[in-house]
$ cat entry22.cif   # mmCIF, C-alpha atoms
data_entry
#
loop_
_atom_site.label_atom_id
_atom_site.label_comp_id
_atom_site.auth_asym_id
_atom_site.auth_seq_id
_atom_site.Cartn_x
_atom_site.Cartn_y
_atom_site.Cartn_z
CA MET A 26 119.19 -67.26 -9.11
CA VAL A 27 121.00 -64.23 -7.77
CA VAL A 28 120.42 -64.01 -4.03
CA LEU A 29 122.31 -60.76 -3.57
CA SER A 30 119.83 -58.82 -5.69
CA GLU A 31 117.19 -59.36 -3.01
CA LEU A 32 119.58 -58.38 -0.25
CA SER A 33 120.64 -55.30 -2.17
CA GLU A 34 117.10 -53.94 -2.33
CA ALA A 35 116.96 -53.75 1.45
CA SER A 36 120.29 -51.98 1.70
CA SER A 37 119.72 -49.41 -1.03
CA SER A 38 118.34 -46.85 1.43
CA SER A 39 121.40 -46.87 3.70
CA SER A 40 125.13 -46.49 3.28
CA SER A 41 127.59 -48.51 5.34
CA THR A 42 130.93 -50.28 5.26
CA PHE A 43 130.70 -54.00 5.89
CA GLY A 44 133.27 -56.34 7.36
CA HIS A 45 133.49 -60.06 8.13
CA SER A 46 132.41 -61.49 11.45
CA SER A 47 131.80 -64.78 13.16
CA PRO A 48 131.16 -65.66 16.81
CA ALA A 49 134.91 -65.54 17.41
CA HIS A 50 135.54 -62.48 15.24
CA ALA A 51 133.20 -59.61 16.06
CA HIS A 52 133.57 -56.26 14.33
CA SER A 53 131.87 -52.92 14.78
CA SER A 54 128.27 -52.72 13.66
CA SER A 55 127.00 -51.13 10.45
CA SER A 56 125.53 -47.66 10.41
CA ASP A 57 122.08 -49.09 11.12
CA ASP A 58 121.06 -51.04 14.21
CA HIS A 59 122.25 -54.38 12.90
CA LYS A 60 125.48 -55.97 14.02
CA TYR A 61 125.55 -58.43 11.11
CA ASP A 62 124.36 -58.30 7.53
CA VAL A 63 123.79 -62.04 7.09
CA PHE A 64 123.16 -64.95 9.42
CA LEU A 65 124.01 -68.31 7.83
CA SER A 66 121.77 -71.20 8.90
CA PHE A 67 123.00 -74.58 7.70
CA ARG A 68 123.57 -78.21 8.67
CA GLY A 69 127.31 -78.65 8.96
CA LEU A 70 127.03 -82.38 8.42
CA ASP A 71 125.88 -81.69 4.84
CA THR A 72 127.43 -78.43 3.72
CA ARG A 73 130.06 -76.99 6.07
CA HIS A 74 133.05 -78.17 4.02
CA ASN A 75 131.56 -77.60 0.58
CA PHE A 76 128.77 -75.23 -0.40
CA THR A 77 128.48 -73.24 2.83
CA GLU A 78 132.25 -72.84 2.99
CA HIS A 79 132.26 -71.34 -0.52
CA LEU A 80 129.25 -69.16 0.26
CA HIS A 81 130.84 -67.88 3.47
CA LYS A 82 134.07 -67.02 1.65
CA ALA A 83 132.13 -65.21 -1.08
CA LEU A 84 130.31 -63.14 1.52
CA ILE A 85 133.61 -62.27 3.19
CA ASP A 86 135.17 -61.33 -0.14
CA ALA A 87 132.20 -59.04 -0.79
CA ASN A 88 132.78 -57.36 2.59
CA ILE A 89 129.41 -58.48 3.90
CA LYS A 90 129.45 -58.97 7.64
CA THR A 91 128.39 -62.57 8.19
CA PHE A 92 127.65 -64.65 11.27
CA LEU A 93 128.60 -68.31 10.99
CA ASP A 94 128.55 -70.66 13.97
CA ASP A 95 132.15 -71.82 14.25
CA GLU A 96 131.32 -74.58 16.70
CA GLU A 97 127.87 -75.88 15.79
CA ILE A 98 127.90 -78.17 18.83
CA GLU A 99 124.33 -78.83 19.89
CA THR A 100 123.86 -79.01 23.65
CA GLY A 101 120.28 -79.12 24.86
CA GLU A 102 117.11 -78.51 22.92
CA ASP A 103 117.12 -74.71 22.80
CA LEU A 104 119.31 -72.38 20.79
CA LYS A 105 122.43 -70.98 22.38
CA PRO A 106 121.79 -67.36 23.42
CA GLU A 107 124.53 -66.13 21.08
CA LEU A 108 122.77 -67.71 18.09
CA GLU A 109 119.42 -66.22 19.03
CA ASN A 110 121.04 -62.82 19.54
CA ALA A 111 122.91 -63.08 16.22
CA ILE A 112 119.71 -63.76 14.29
CA LYS A 113 118.00 -60.78 15.88
CA ALA A 114 121.05 -58.62 15.20
CA SER A 115 121.19 -59.54 11.48
CA ARG A 116 119.55 -57.82 8.54
CA ALA A 117 119.08 -61.07 6.63
CA SER A 118 119.36 -64.84 6.89
CA ILE A 119 120.40 -67.31 4.22
CA ILE A 120 118.93 -70.74 4.97
CA VAL A 121 120.86 -73.60 3.33
CA LEU A 122 118.24 -76.35 3.29
CA SER A 123 119.95 -79.71 2.86
CA LYS A 124 119.05 -83.37 3.34
CA ASN A 125 119.84 -83.40 7.05
CA TYR A 126 118.77 -79.85 7.88
CA ALA A 127 115.54 -80.97 9.56
CA THR A 128 117.35 -83.56 11.70
CA SER A 129 118.77 -80.72 13.79
CA THR A 130 116.43 -79.17 16.33
CA TRP A 131 118.78 -76.19 16.44
CA CYS A 132 118.46 -75.63 12.69
CA LEU A 133 114.68 -75.88 12.98
CA ASN A 134 114.64 -73.42 15.88
CA GLU A 135 116.87 -71.05 13.86
CA LEU A 136 114.40 -71.32 11.00
CA VAL A 137 111.43 -70.56 13.25
CA LEU A 138 113.15 -67.50 14.71
CA THR A 139 114.29 -66.11 11.35
CA LEU A 140 110.75 -66.37 10.00
CA GLU A 141 109.41 -64.65 13.11
CA GLN A 142 111.94 -61.87 12.54
CA ARG A 143 110.80 -61.67 8.94
CA MET A 144 107.28 -60.89 10.11
CA THR A 145 108.16 -58.48 12.91
CA SER A 146 111.26 -56.60 11.74
CA ASN A 147 111.52 -56.92 7.93
CA HIS A 148 114.30 -59.49 8.30
CA ILE A 149 115.14 -60.88 4.85
CA VAL A 150 114.98 -64.68 4.59
CA ILE A 151 116.42 -66.38 1.51
CA PRO A 152 116.34 -70.19 1.21
CA ILE A 153 118.82 -72.22 -0.82
CA PHE A 154 117.72 -75.76 -1.65
CA TYR A 155 120.82 -77.94 -1.58
CA HIS A 156 120.10 -81.41 -3.00
CA VAL A 157 116.49 -81.17 -1.81
CA GLU A 158 113.23 -80.31 -3.54
CA PRO A 159 111.15 -77.39 -2.23
CA THR A 160 108.02 -79.55 -2.40
CA HIS A 161 109.65 -82.15 -0.14
CA ILE A 162 110.47 -79.44 2.38
CA ARG A 163 106.96 -77.98 2.14
CA LYS A 164 105.19 -81.32 2.60
CA GLN A 165 107.82 -82.86 4.90
CA GLN A 166 108.55 -85.68 2.48
CA SER A 167 111.71 -87.64 1.66
CA SER A 168 114.60 -86.83 4.03
CA SER A 169 112.64 -84.05 5.72
CA GLY A 170 109.75 -86.41 6.33
CA VAL A 171 112.08 -88.99 7.89
CA ALA A 172 113.60 -86.34 10.16
CA MET A 173 110.24 -85.05 11.31
CA ALA A 174 109.03 -88.61 11.95
CA LYS A 175 112.02 -89.15 14.25
CA HIS A 176 111.24 -85.94 16.11
CA ARG A 177 107.68 -87.19 16.52
CA GLN A 178 108.97 -90.49 17.89
CA THR A 179 111.07 -88.56 20.39
CA MET A 180 107.97 -86.68 21.47
CA GLU A 181 106.02 -89.92 21.94
CA THR A 182 108.68 -91.34 24.26
CA LEU A 183 108.39 -88.41 26.67
CA THR A 184 106.62 -89.30 29.89
CA ASP A 185 106.47 -85.81 31.38
CA ALA A 186 103.20 -84.24 30.24
CA ASN A 187 104.56 -80.69 30.21
CA LYS A 188 107.64 -81.61 28.20
CA LYS A 189 105.51 -83.60 25.79
CA SER A 190 103.19 -80.63 25.32
CA GLN A 191 106.14 -78.30 24.75
CA TRP A 192 107.62 -80.71 22.20
CA ALA A 193 104.27 -80.92 20.40
CA GLN A 194 104.19 -77.11 20.18
CA LYS A 195 107.70 -77.11 18.75
CA MET A 196 106.69 -79.75 16.22
CA ASP A 197 103.86 -77.49 15.03
CA GLN A 198 106.26 -74.55 14.76
CA TRP A 199 108.82 -76.61 12.84
CA ASN A 200 106.23 -77.99 10.42
CA ASN A 201 104.82 -74.53 9.76
CA ALA A 202 108.29 -73.05 9.32
CA LEU A 203 109.33 -75.70 6.81
CA SER A 204 106.16 -75.12 4.80
CA GLU A 205 106.61 -71.36 4.91
CA VAL A 206 110.28 -71.30 3.90
CA ALA A 207 109.61 -73.66 1.01
CA ASN A 208 107.13 -71.13 -0.38
CA LEU A 209 109.67 -68.32 -0.36
CA LYS A 210 111.68 -67.47 -3.45
CA GLY A 211 114.77 -69.63 -3.33
CA ASN A 212 117.66 -71.07 -5.27
CA ASP A 213 118.34 -74.64 -6.36
CA VAL A 214 121.90 -75.85 -6.01
CA ASN A 215 122.72 -79.16 -7.69
CA GLY A 216 126.18 -80.31 -6.77
CA ARG A 217 129.35 -78.66 -5.59
CA LYS A 218 130.40 -77.29 -8.96
CA LYS A 219 127.12 -75.48 -9.52
CA GLY A 220 127.23 -74.37 -5.92
CA LYS A 221 130.47 -72.51 -6.61
CA VAL A 222 128.99 -70.88 -9.68
CA LEU A 223 125.91 -69.80 -7.73
CA VAL A 224 128.03 -68.31 -4.98
CA GLN A 225 129.98 -66.31 -7.54
CA SER A 226 126.74 -65.15 -9.16
CA PHE A 227 125.56 -63.61 -5.88
CA PHE A 228 128.02 -60.80 -6.41
CA SER A 229 127.89 -60.38 -10.18
CA LYS A 230 125.07 -57.84 -9.94
CA LYS A 231 124.50 -54.92 -7.64
CA SER A 232 126.78 -54.71 -4.59
CA TRP A 233 125.66 -54.12 -1.03
CA HIS A 234 127.75 -50.97 -1.10
CA ASN A 235 126.17 -47.71 -2.22
#
$ encode --input "entry22.cif" --output "structure tokens"
Amino acid sequence: MVVLSELSEASSSSSSTFGHSSPAHAHSSSSDDHKYDVFLSFRGLDTRHNFTEHLHKALIDANIKTFLDDEEIETGEDLKPELENAIKASRASIIVLSKNYATSTWCLNELVLTLEQRMTSNHIVIPIFYHVEPTHIRKQQSSSGVAMAKHRQTMETLTDANKKSQWAQKMDQWNNALSEVANLKGNDVNGRKKGKVLVQSFFSKKSWHN
């Protein structure tokens, strides 16, 4: 249940001083090549003003440099360049999987990219299951299934063959990413109260500092 213990293992070989950062508050990078320590991927509709807010504060209090999208305004189908760059510039990502996570194409694209980074650059990916079951994420059932069905309906309404093909490719990537992240070691969070306790537990063990 302690997410930080996994993050700590990756940082044990280097020594650095971490600070807080967001898109509007950039600080100097750590001693390695990463600008951020953690990228937070979440659906603001579900968690911005509860669990993710507490998690973000806990990361700040632990002096872990964290990227959080202050705006989260989706315009277009692709990720904003700053989000893509932030993921690639982060040592780890915490994915807060909630009921409406899969309704956002941006969240799904973030998930795809973080998992790609995991394979190519040892990027740490840690899922947190917030009011969702890992098996529902893995099999695209319940709220995730409804969200993916709506994305499929969107694809079917496209009349441009190239756009439809591109959307179909994205659908495959999203489905595979949801299945993959659900198989990773994660944490169950049931309710706001337990969410606070879990956030506090992240930092009860080994610190990111050496």
$ residues_around --input "entry22.cif" --residues "A:Lys164" --least-positions-apart "3" --cutoff "7 Å" --atoms "all atoms listed in the file" --output "mmCIF file with C-alpha atoms, in the coordinates of the input"
data_model
loop_
_atom_site.group_PDB
_atom_site.id
_atom_site.type_symbol
_atom_site.label_atom_id
_atom_site.label_comp_id
_atom_site.auth_asym_id
_atom_site.auth_seq_id
_atom_site.Cartn_x
_atom_site.Cartn_y
_atom_site.Cartn_z
ATOM 1 C CA THR A 160 108.020 -79.550 -2.400
ATOM 2 C CA HIS A 161 109.650 -82.150 -0.140
ATOM 3 C CA SER A 204 106.160 -75.120 4.800
#
$ atom_distance --input "entry22.cif" --atom1 "atom CA of A:Ser118" --atom2 "atom CA of A:Thr91"
9.4 Å
$ axis_aligned_box --input "entry22.cif" --around "stretch 174-193 of chain A" --padding-each-side "3 Å" --output "lines of an AutoDock Vina configuration file"
center_x = 107.6
center_y = -84.8
center_z = 21.7
size_x = 14.8
size_y = 19.0
size_z = 25.4
$ atom_distance --input "entry22.cif" --atom1 "atom CA of A:Leu136" --atom2 "atom CA of A:Ile85"
22.6 Å
$ atom_distance --input "entry22.cif" --atom1 "atom CA of A:Gln191" --atom2 "atom CA of A:Glu158"
29.2 Å
$ residues_around --input "entry22.cif" --residues "A:Ala127" --least-positions-apart "6" --cutoff "8 Å" --atoms "only C-alpha atoms" --output "VMD selection string"
chain A and resid 133 169 172 to 173
$ write_last_selection --input "entry22.cif" --atoms "C-alpha atoms" --output "tab-separated table (two decimals), in the coordinates of the input"
chain	number	residue	atom	x	y	z
A	133	LEU	CA	114.68	-75.88	12.98
A	169	SER	CA	112.64	-84.05	5.72
A	172	ALA	CA	113.60	-86.34	10.16
A	173	MET	CA	110.24	-85.05	11.31
$ residues_around --input "entry22.cif" --residues "A:Gln198" --least-positions-apart "3" --cutoff "9 Å" --atoms "all atoms listed in the file" --output "ChimeraX atom specification"
/A:133-134,137,193-195,201-203
$ closest_residue --input "entry22.cif" --among "A:Lys105, A:Glu78, A:Glu205, A:Asp86" --to "A:Glu141" --atoms "all atoms listed in the file"
A:Glu205
$ closest_residue --input "entry22.cif" --among "A:Thr77, A:Asn125, A:Thr72, A:Thr130" --to "A:Asp103" --atoms "all atoms listed in the file"
A:Thr130
$ residues_around --input "entry22.cif" --residues "A:Ile149" --least-positions-apart "2" --cutoff "8 Å" --atoms "only C-alpha atoms" --output "count of residues only"
7
$ residues_around --input "entry22.cif" --residues "stretch 110-114 of chain A" --least-positions-apart "5" --cutoff "10 Å" --atoms "only C-alpha atoms" --output "list in words"
Ser47, Pro48, Ser54, Asp58, His59, Lys60, Tyr61, Asp62, Val63, Phe64, Leu65, Ser66, Thr91, Phe92, Leu93, Asp94, Leu104, Lys105, Glu135, Leu136, Leu138, Thr139, Glu141, Gln142, Ser146 and His148 of chain A
$ write_last_selection --input "entry22.cif" --atoms "C-alpha atoms" --output "short mmCIF file (atom, residue, chain, number, x, y, z; two decimals), in the coordinates of the input"
data_model
loop_
_atom_site.label_atom_id
_atom_site.label_comp_id
_atom_site.auth_asym_id
_atom_site.auth_seq_id
_atom_site.Cartn_x
_atom_site.Cartn_y
_atom_site.Cartn_z
CA SER A 47 131.80 -64.78 13.16
CA PRO A 48 131.16 -65.66 16.81
CA SER A 54 128.27 -52.72 13.66
CA ASP A 58 121.06 -51.04 14.21
CA HIS A 59 122.25 -54.38 12.90
CA LYS A 60 125.48 -55.97 14.02
CA TYR A 61 125.55 -58.43 11.11
CA ASP A 62 124.36 -58.30 7.53
CA VAL A 63 123.79 -62.04 7.09
CA PHE A 64 123.16 -64.95 9.42
CA LEU A 65 124.01 -68.31 7.83
CA SER A 66 121.77 -71.20 8.90
CA THR A 91 128.39 -62.57 8.19
CA PHE A 92 127.65 -64.65 11.27
CA LEU A 93 128.60 -68.31 10.99
CA ASP A 94 128.55 -70.66 13.97
CA LEU A 104 119.31 -72.38 20.79
CA LYS A 105 122.43 -70.98 22.38
CA GLU A 135 116.87 -71.05 13.86
CA LEU A 136 114.40 -71.32 11.00
CA LEU A 138 113.15 -67.50 14.71
CA THR A 139 114.29 -66.11 11.35
CA GLU A 141 109.41 -64.65 13.11
CA GLN A 142 111.94 -61.87 12.54
CA SER A 146 111.26 -56.60 11.74
CA HIS A 148 114.30 -59.49 8.30
#
$ closest_residue --input "entry22.cif" --among "A:Ile153, A:Leu122, A:Ile162, A:Val206" --to "A:Asp71" --atoms "only C-alpha atoms"
A:Leu122
$ decode --input "entry22.cif" --residues "stretch 192-206 of chain A" --atoms "all heavy atoms" --output "PDB file, in the first residue's frame"
ATOM      1  N   TRP A 192      -8.473   6.698 -35.405  1.00  0.00           N
ATOM      2  CA  TRP A 192      -9.231   6.515 -34.170  1.00  0.00           C
ATOM      3  C   TRP A 192      -9.232   5.050 -33.750  1.00  0.00           C
ATOM      4  O   TRP A 192      -9.123   4.735 -32.563  1.00  0.00           O
ATOM      5  CB  TRP A 192     -10.661   7.022 -34.364  1.00  0.00           C
ATOM      6  CG  TRP A 192     -11.409   7.195 -33.082  1.00  0.00           C
ATOM      7  CD1 TRP A 192     -12.243   6.284 -32.506  1.00  0.00           C
ATOM      8  CD2 TRP A 192     -11.406   8.327 -32.204  1.00  0.00           C
ATOM      9  NE1 TRP A 192     -12.755   6.780 -31.331  1.00  0.00           N
ATOM     10  CE2 TRP A 192     -12.256   8.032 -31.124  1.00  0.00           C
ATOM     11  CE3 TRP A 192     -10.763   9.568 -32.252  1.00  0.00           C
ATOM     12  CZ2 TRP A 192     -12.486   8.931 -30.089  1.00  0.00           C
ATOM     13  CZ3 TRP A 192     -10.993  10.453 -31.214  1.00  0.00           C
ATOM     14  CH2 TRP A 192     -11.840  10.127 -30.156  1.00  0.00           C
ATOM     15  N   ALA A 193      -9.340   4.162 -34.727  1.00  0.00           N
ATOM     16  CA  ALA A 193      -9.322   2.726 -34.434  1.00  0.00           C
ATOM     17  C   ALA A 193      -7.974   2.326 -33.830  1.00  0.00           C
ATOM     18  O   ALA A 193      -7.916   1.511 -32.890  1.00  0.00           O
ATOM     19  CB  ALA A 193      -9.592   1.923 -35.705  1.00  0.00           C
ATOM     20  N   GLN A 194      -6.889   2.894 -34.341  1.00  0.00           N
ATOM     21  CA  GLN A 194      -5.566   2.616 -33.792  1.00  0.00           C
ATOM     22  C   GLN A 194      -5.460   3.118 -32.352  1.00  0.00           C
ATOM     23  O   GLN A 194      -4.884   2.441 -31.490  1.00  0.00           O
ATOM     24  CB  GLN A 194      -4.485   3.263 -34.661  1.00  0.00           C
ATOM     25  CG  GLN A 194      -4.341   2.637 -36.038  1.00  0.00           C
ATOM     26  CD  GLN A 194      -3.318   3.340 -36.905  1.00  0.00           C
ATOM     27  OE1 GLN A 194      -2.668   4.293 -36.472  1.00  0.00           O
ATOM     28  NE2 GLN A 194      -3.165   2.892 -38.146  1.00  0.00           N
ATOM     29  N   LYS A 195      -6.013   4.308 -32.108  1.00  0.00           N
ATOM     30  CA  LYS A 195      -6.012   4.838 -30.752  1.00  0.00           C
ATOM     31  C   LYS A 195      -6.820   3.939 -29.816  1.00  0.00           C
ATOM     32  O   LYS A 195      -6.418   3.699 -28.676  1.00  0.00           O
ATOM     33  CB  LYS A 195      -6.585   6.258 -30.737  1.00  0.00           C
ATOM     34  CG  LYS A 195      -5.671   7.315 -31.314  1.00  0.00           C
ATOM     35  CD  LYS A 195      -6.264   8.712 -31.141  1.00  0.00           C
ATOM     36  CE  LYS A 195      -5.325   9.777 -31.659  1.00  0.00           C
ATOM     37  NZ  LYS A 195      -5.885  11.149 -31.465  1.00  0.00           N
ATOM     38  N   MET A 196      -7.957   3.458 -30.310  1.00  0.00           N
ATOM     39  CA  MET A 196      -8.789   2.576 -29.492  1.00  0.00           C
ATOM     40  C   MET A 196      -8.004   1.336 -29.068  1.00  0.00           C
ATOM     41  O   MET A 196      -8.077   0.898 -27.910  1.00  0.00           O
ATOM     42  CB  MET A 196     -10.039   2.166 -30.270  1.00  0.00           C
ATOM     43  CG  MET A 196     -11.104   3.245 -30.418  1.00  0.00           C
ATOM     44  SD  MET A 196     -12.007   3.573 -28.876  1.00  0.00           S
ATOM     45  CE  MET A 196     -12.737   1.973 -28.553  1.00  0.00           C
ATOM     46  N   ASP A 197      -7.243   0.770 -29.999  1.00  0.00           N
ATOM     47  CA  ASP A 197      -6.420  -0.400 -29.677  1.00  0.00           C
ATOM     48  C   ASP A 197      -5.372  -0.043 -28.625  1.00  0.00           C
ATOM     49  O   ASP A 197      -5.143  -0.813 -27.679  1.00  0.00           O
ATOM     50  CB  ASP A 197      -5.725  -0.928 -30.938  1.00  0.00           C
ATOM     51  CG  ASP A 197      -6.686  -1.629 -31.885  1.00  0.00           C
ATOM     52  OD1 ASP A 197      -7.769  -2.056 -31.427  1.00  0.00           O
ATOM     53  OD2 ASP A 197      -6.350  -1.746 -33.080  1.00  0.00           O
ATOM     54  N   GLN A 198      -4.745   1.128 -28.786  1.00  0.00           N
ATOM     55  CA  GLN A 198      -3.737   1.554 -27.819  1.00  0.00           C
ATOM     56  C   GLN A 198      -4.360   1.758 -26.447  1.00  0.00           C
ATOM     57  O   GLN A 198      -3.788   1.355 -25.428  1.00  0.00           O
ATOM     58  CB  GLN A 198      -3.075   2.853 -28.292  1.00  0.00           C
ATOM     59  CG  GLN A 198      -2.212   2.707 -29.526  1.00  0.00           C
ATOM     60  CD  GLN A 198      -1.651   4.030 -29.995  1.00  0.00           C
ATOM     61  OE1 GLN A 198      -2.210   5.094 -29.721  1.00  0.00           O
ATOM     62  NE2 GLN A 198      -0.539   3.993 -30.714  1.00  0.00           N
ATOM     63  N   TRP A 199      -5.530   2.392 -26.396  1.00  0.00           N
ATOM     64  CA  TRP A 199      -6.197   2.654 -25.124  1.00  0.00           C
ATOM     65  C   TRP A 199      -6.602   1.355 -24.433  1.00  0.00           C
ATOM     66  O   TRP A 199      -6.394   1.198 -23.231  1.00  0.00           O
ATOM     67  CB  TRP A 199      -7.439   3.528 -25.349  1.00  0.00           C
ATOM     68  CG  TRP A 199      -7.137   4.891 -25.877  1.00  0.00           C
ATOM     69  CD1 TRP A 199      -5.948   5.563 -25.819  1.00  0.00           C
ATOM     70  CD2 TRP A 199      -8.044   5.763 -26.578  1.00  0.00           C
ATOM     71  NE1 TRP A 199      -6.053   6.797 -26.423  1.00  0.00           N
ATOM     72  CE2 TRP A 199      -7.317   6.946 -26.898  1.00  0.00           C
ATOM     73  CE3 TRP A 199      -9.378   5.658 -26.964  1.00  0.00           C
ATOM     74  CZ2 TRP A 199      -7.915   8.010 -27.586  1.00  0.00           C
ATOM     75  CZ3 TRP A 199      -9.977   6.718 -27.645  1.00  0.00           C
ATOM     76  CH2 TRP A 199      -9.241   7.881 -27.953  1.00  0.00           C
ATOM     77  N   ASN A 200      -7.169   0.431 -25.197  1.00  0.00           N
ATOM     78  CA  ASN A 200      -7.579  -0.852 -24.623  1.00  0.00           C
ATOM     79  C   ASN A 200      -6.376  -1.602 -24.054  1.00  0.00           C
ATOM     80  O   ASN A 200      -6.432  -2.145 -22.940  1.00  0.00           O
ATOM     81  CB  ASN A 200      -8.266  -1.711 -25.691  1.00  0.00           C
ATOM     82  CG  ASN A 200      -9.680  -1.251 -26.001  1.00  0.00           C
ATOM     83  OD1 ASN A 200     -10.404  -0.820 -25.114  1.00  0.00           O
ATOM     84  ND2 ASN A 200     -10.082  -1.339 -27.254  1.00  0.00           N
ATOM     85  N   ASN A 201      -5.294  -1.629 -24.822  1.00  0.00           N
ATOM     86  CA  ASN A 201      -4.092  -2.324 -24.362  1.00  0.00           C
ATOM     87  C   ASN A 201      -3.500  -1.649 -23.124  1.00  0.00           C
ATOM     88  O   ASN A 201      -3.039  -2.329 -22.199  1.00  0.00           O
ATOM     89  CB  ASN A 201      -3.045  -2.377 -25.478  1.00  0.00           C
ATOM     90  CG  ASN A 201      -3.460  -3.264 -26.635  1.00  0.00           C
ATOM     91  OD1 ASN A 201      -4.255  -4.185 -26.459  1.00  0.00           O
ATOM     92  ND2 ASN A 201      -2.927  -2.997 -27.826  1.00  0.00           N
ATOM     93  N   ALA A 202      -3.528  -0.316 -23.114  1.00  0.00           N
ATOM     94  CA  ALA A 202      -2.966   0.417 -21.978  1.00  0.00           C
ATOM     95  C   ALA A 202      -3.777   0.169 -20.704  1.00  0.00           C
ATOM     96  O   ALA A 202      -3.207  -0.009 -19.621  1.00  0.00           O
ATOM     97  CB  ALA A 202      -2.915   1.906 -22.290  1.00  0.00           C
ATOM     98  N   LEU A 203      -5.091   0.166 -20.828  1.00  0.00           N
ATOM     99  CA  LEU A 203      -5.936  -0.092 -19.658  1.00  0.00           C
ATOM    100  C   LEU A 203      -5.691  -1.495 -19.107  1.00  0.00           C
ATOM    101  O   LEU A 203      -5.632  -1.703 -17.890  1.00  0.00           O
ATOM    102  CB  LEU A 203      -7.415   0.090 -20.023  1.00  0.00           C
ATOM    103  CG  LEU A 203      -7.868   1.533 -20.251  1.00  0.00           C
ATOM    104  CD1 LEU A 203      -9.275   1.569 -20.834  1.00  0.00           C
ATOM    105  CD2 LEU A 203      -7.832   2.325 -18.931  1.00  0.00           C
ATOM    106  N   SER A 204      -5.547  -2.461 -20.003  1.00  0.00           N
ATOM    107  CA  SER A 204      -5.276  -3.829 -19.561  1.00  0.00           C
ATOM    108  C   SER A 204      -3.919  -3.928 -18.883  1.00  0.00           C
ATOM    109  O   SER A 204      -3.761  -4.585 -17.849  1.00  0.00           O
ATOM    110  CB  SER A 204      -5.328  -4.788 -20.759  1.00  0.00           C
ATOM    111  OG  SER A 204      -6.618  -4.825 -21.328  1.00  0.00           O
ATOM    112  N   GLU A 205      -2.937  -3.245 -19.459  1.00  0.00           N
ATOM    113  CA  GLU A 205      -1.577  -3.308 -18.919  1.00  0.00           C
ATOM    114  C   GLU A 205      -1.489  -2.647 -17.553  1.00  0.00           C
ATOM    115  O   GLU A 205      -0.889  -3.199 -16.616  1.00  0.00           O
ATOM    116  CB  GLU A 205      -0.594  -2.644 -19.889  1.00  0.00           C
ATOM    117  CG  GLU A 205       0.847  -2.718 -19.426  1.00  0.00           C
ATOM    118  CD  GLU A 205       1.820  -2.114 -20.433  1.00  0.00           C
ATOM    119  OE1 GLU A 205       1.415  -1.885 -21.591  1.00  0.00           O
ATOM    120  OE2 GLU A 205       2.989  -1.862 -20.046  1.00  0.00           O
ATOM    121  N   VAL A 206      -2.066  -1.444 -17.418  1.00  0.00           N
ATOM    122  CA  VAL A 206      -1.943  -0.734 -16.147  1.00  0.00           C
ATOM    123  C   VAL A 206      -2.678  -1.459 -15.032  1.00  0.00           C
ATOM    124  O   VAL A 206      -2.268  -1.413 -13.870  1.00  0.00           O
ATOM    125  CB  VAL A 206      -2.445   0.721 -16.281  1.00  0.00           C
ATOM    126  CG1 VAL A 206      -3.968   0.790 -16.321  1.00  0.00           C
ATOM    127  CG2 VAL A 206      -1.897   1.582 -15.138  1.00  0.00           C
TER     128      VAL A 206
END
